[in-house]
Amino acid sequence: MKNIFFTADLHFLHPKIVDICNRPTTMEEHDEWLIDIWNSTVNKKQTVYILGDVSMGNKEKTDKILDRLHGKKHLILGNHDKNIHNSTRFETINQVKDFNYSQDGMNLHIVLFHYPIASWNRKVHGSAHLYGHTHGRYQNCGLSFDIGIDANDYRILSLEEVYDKLTKISLSLF
């Protein structure tokens with residue numbers, strides 16, 4: 001569980017993201033700030049699922065940033081990822097992904113999608129949904145939450161932290 005991470009809405013090379021999302025950095029320092037957060041959380045052997053909106057920069061500049069980020073990266077395409085939709089820096093690139101984890105006595109099914117959705121695969125069977133796009137400005141229904149960097153105190157969350165949050169949400173639903 002401690003080797004898998006999730007995030008969304010990084011917006012590298014985005015000239016207005018600091019002001020739009022009130023991020024605690026300057027625009028000049030923004031990308032280095034994000035790289036430091038990433039690399040202090042994720043090591044080179046760990047896996048990260050990015051639920052969209054990686055960068056507003058062109059492919060070449062974005063690839064240079066991606067090369068500096070630790071871990072095996074999987075991309076769930078967001079609305080600002082047209083520049084990297086065929087990048088070779090990702091293990092996989094998908095529109096949506098059914099993420100399954102069966103270890104340590106638990107069976108998790110989580111639907112990963114850039115946008116919040118009202119219903120998803122296996123929702124009625126306890127499946128969860130992680131999304132981005134909303135920068136913490138939307139509260140979806142059911143067993144789901146915004147995994148984006150702005151919605152999580154500028155942190156990249158481990159699967160263990162996701163599981164803990166989903167458990168708390170689940171308890172509040174009943």
# chains A, B, ... in the order shown; residues from 1 in each chain; ligands from 1

$ residues_around --residues "Val18 (chain A)" --least-positions-apart "5" --cutoff "8 Å" --atoms "only C-alpha atoms" --output "VMD selection string"
chain A and resid 23 to 27 30

$ residues_around --residues "His129 (chain A)" --least-positions-apart "2" --cutoff "9 Å" --atoms "only C-alpha atoms" --output "number ranges by chain"
A: 109-113, 116-117, 119-121, 123, 127, 131, 142-146

$ atom_distance --atom1 "CA of Lys165 (chain A)" --atom2 "CA of Ala8 (chain A)"
16.3 Å

$ residues_around --residues "Leu166 (chain A)" --least-positions-apart "3" --cutoff "9 Å" --atoms "only C-alpha atoms" --output "tab-separated table (two decimals) with N, CA and C atoms, in the first residue's frame"
chain	number	residue	atom	x	y	z
A	128	ALA	N	-15.10	2.56	-5.03
A	128	ALA	CA	-14.86	3.98	-4.79
A	128	ALA	C	-14.48	4.68	-6.09
A	143	LEU	N	-19.01	7.28	-2.19
A	143	LEU	CA	-17.66	6.89	-1.79
A	143	LEU	C	-16.64	7.41	-2.80
A	144	SER	N	-16.45	8.74	-2.80
A	144	SER	CA	-15.53	9.36	-3.75
A	144	SER	C	-14.97	10.64	-3.16
A	145	PHE	N	-13.81	11.04	-3.70
A	145	PHE	CA	-13.26	12.34	-3.32
A	145	PHE	C	-12.23	12.82	-4.32
A	161	GLU	N	-3.34	6.21	2.69
A	161	GLU	CA	-4.07	7.43	3.05
A	161	GLU	C	-5.41	7.49	2.33
A	162	VAL	N	-5.44	7.05	1.07
A	162	VAL	CA	-6.70	6.99	0.32
A	162	VAL	C	-7.66	6.03	1.01
A	163	TYR	N	-7.16	4.87	1.40
A	163	TYR	CA	-7.98	3.88	2.08
A	163	TYR	C	-8.56	4.47	3.38
A	169	ILE	N	-15.19	8.22	4.92
A	169	ILE	CA	-16.37	8.56	4.12
A	169	ILE	C	-17.42	7.47	4.23
A	170	SER	N	-16.99	6.23	4.14
A	170	SER	CA	-17.89	5.09	4.22
A	170	SER	C	-18.65	5.09	5.55
A	171	LEU	N	-17.94	5.34	6.63
A	171	LEU	CA	-18.59	5.37	7.95
A	171	LEU	C	-19.61	6.50	8.06

$ atom_distance --atom1 "CA of Pro15 (chain A)" --atom2 "CA of Glu91 (chain A)"
27.6 Å

$ residues_around --residues "Leu66 (chain A)" --least-positions-apart "3" --cutoff "10 Å" --atoms "only C-alpha atoms" --output "PDB file with N, CA and C atoms, in the first residue's frame"
ATOM      1  N   PHE A  12       1.862  21.867 -14.041  1.00  0.00           N
ATOM      2  CA  PHE A  12       3.195  22.398 -14.297  1.00  0.00           C
ATOM      3  C   PHE A  12       3.118  23.370 -15.472  1.00  0.00           C
ATOM      4  N   ILE A  35       7.892  19.807  -7.808  1.00  0.00           N
ATOM      5  CA  ILE A  35       8.884  18.738  -7.972  1.00  0.00           C
ATOM      6  C   ILE A  35       9.413  18.306  -6.602  1.00  0.00           C
ATOM      7  N   VAL A  54      -1.565  17.418 -15.965  1.00  0.00           N
ATOM      8  CA  VAL A  54      -0.162  17.395 -15.569  1.00  0.00           C
ATOM      9  C   VAL A  54       0.502  18.733 -15.860  1.00  0.00           C
ATOM     10  N   SER A  55       0.322  19.236 -17.086  1.00  0.00           N
ATOM     11  CA  SER A  55       1.091  20.410 -17.491  1.00  0.00           C
ATOM     12  C   SER A  55       0.375  21.211 -18.564  1.00  0.00           C
ATOM     13  N   GLU A  60       7.886  18.969 -25.039  1.00  0.00           N
ATOM     14  CA  GLU A  60       9.311  18.935 -24.723  1.00  0.00           C
ATOM     15  C   GLU A  60       9.586  19.453 -23.308  1.00  0.00           C
ATOM     16  N   LYS A  61       9.007  20.584 -22.960  1.00  0.00           N
ATOM     17  CA  LYS A  61       9.214  21.138 -21.621  1.00  0.00           C
ATOM     18  C   LYS A  61       8.593  20.245 -20.553  1.00  0.00           C
ATOM     19  N   THR A  62       7.429  19.689 -20.865  1.00  0.00           N
ATOM     20  CA  THR A  62       6.765  18.799 -19.918  1.00  0.00           C
ATOM     21  C   THR A  62       7.570  17.518 -19.715  1.00  0.00           C
ATOM     22  N   ASP A  63       8.106  16.958 -20.796  1.00  0.00           N
ATOM     23  CA  ASP A  63       8.921  15.741 -20.673  1.00  0.00           C
ATOM     24  C   ASP A  63      10.137  15.977 -19.787  1.00  0.00           C
ATOM     25  N   LEU A  69      10.772  13.663 -12.115  1.00  0.00           N
ATOM     26  CA  LEU A  69       9.869  13.142 -11.095  1.00  0.00           C
ATOM     27  C   LEU A  69      10.138  11.661 -10.843  1.00  0.00           C
ATOM     28  N   HIS A  70      10.283  11.287  -9.584  1.00  0.00           N
ATOM     29  CA  HIS A  70      10.516   9.899  -9.208  1.00  0.00           C
ATOM     30  C   HIS A  70       9.297   9.027  -9.512  1.00  0.00           C
ATOM     31  N   GLY A  71       9.547   7.738  -9.610  1.00  0.00           N
ATOM     32  CA  GLY A  71       8.477   6.767  -9.673  1.00  0.00           C
ATOM     33  C   GLY A  71       8.034   6.389 -11.069  1.00  0.00           C
ATOM     34  N   LYS A  73       5.080   6.342 -13.480  1.00  0.00           N
ATOM     35  CA  LYS A  73       3.936   7.223 -13.622  1.00  0.00           C
ATOM     36  C   LYS A  73       2.885   6.641 -14.575  1.00  0.00           C
ATOM     37  N   SER A  87       2.771  10.728 -24.711  1.00  0.00           N
ATOM     38  CA  SER A  87       4.106  10.804 -24.109  1.00  0.00           C
ATOM     39  C   SER A  87       4.628   9.404 -23.773  1.00  0.00           C
ATOM     40  N   ARG A  89       6.712   8.993 -21.359  1.00  0.00           N
ATOM     41  CA  ARG A  89       7.150   9.091 -19.967  1.00  0.00           C
ATOM     42  C   ARG A  89       6.224   8.365 -18.985  1.00  0.00           C
ATOM     43  N   PHE A  90       5.136   7.811 -19.482  1.00  0.00           N
ATOM     44  CA  PHE A  90       4.163   7.129 -18.637  1.00  0.00           C
ATOM     45  C   PHE A  90       4.148   5.633 -18.923  1.00  0.00           C
TER      46      PHE A  90
END

$ select_by_dssp --residues "region 9-84 of chain A" --states "strand (DSSP E)" --output "list in words"
Thr47, Val48, Tyr49, Ile50, Lys72, Lys73, His74, Leu75 and Ile76 of chain A

$ closest_residue --among "A:Ile50, A:Leu159, A:Val42, A:Ile17" --to "Met106 (chain A)" --atoms "only C-alpha atoms"
A:Leu159

$ residues_around --residues "Leu157 (chain A)" --least-positions-apart "4" --cutoff "8 Å" --atoms "only C-alpha atoms" --output "list of chain:residue names"
A:Phe5, A:Phe6, A:Thr7, A:Ile147, A:Asn152, A:Glu161, A:Val162

$ closest_residue --among "A:Gly78, A:Gly148, A:Gly126, A:Gly136" --to "Ile93 (chain A)" --atoms "only C-alpha atoms"
A:Gly78

$ closest_residue --among "A:Leu77, A:Val48, A:Met56, A:Ala151" --to "Thr134 (chain A)" --atoms "only C-alpha atoms"
A:Ala151

$ atom_distance --atom1 "CA of Leu108 (chain A)" --atom2 "CA of Asp53 (chain A)"
24.9 Å

$ closest_residue --among "A:Ile4, A:Ala118, A:Ile37, A:Ile20" --to "Ile149 (chain A)" --atoms "only C-alpha atoms"
A:Ile37
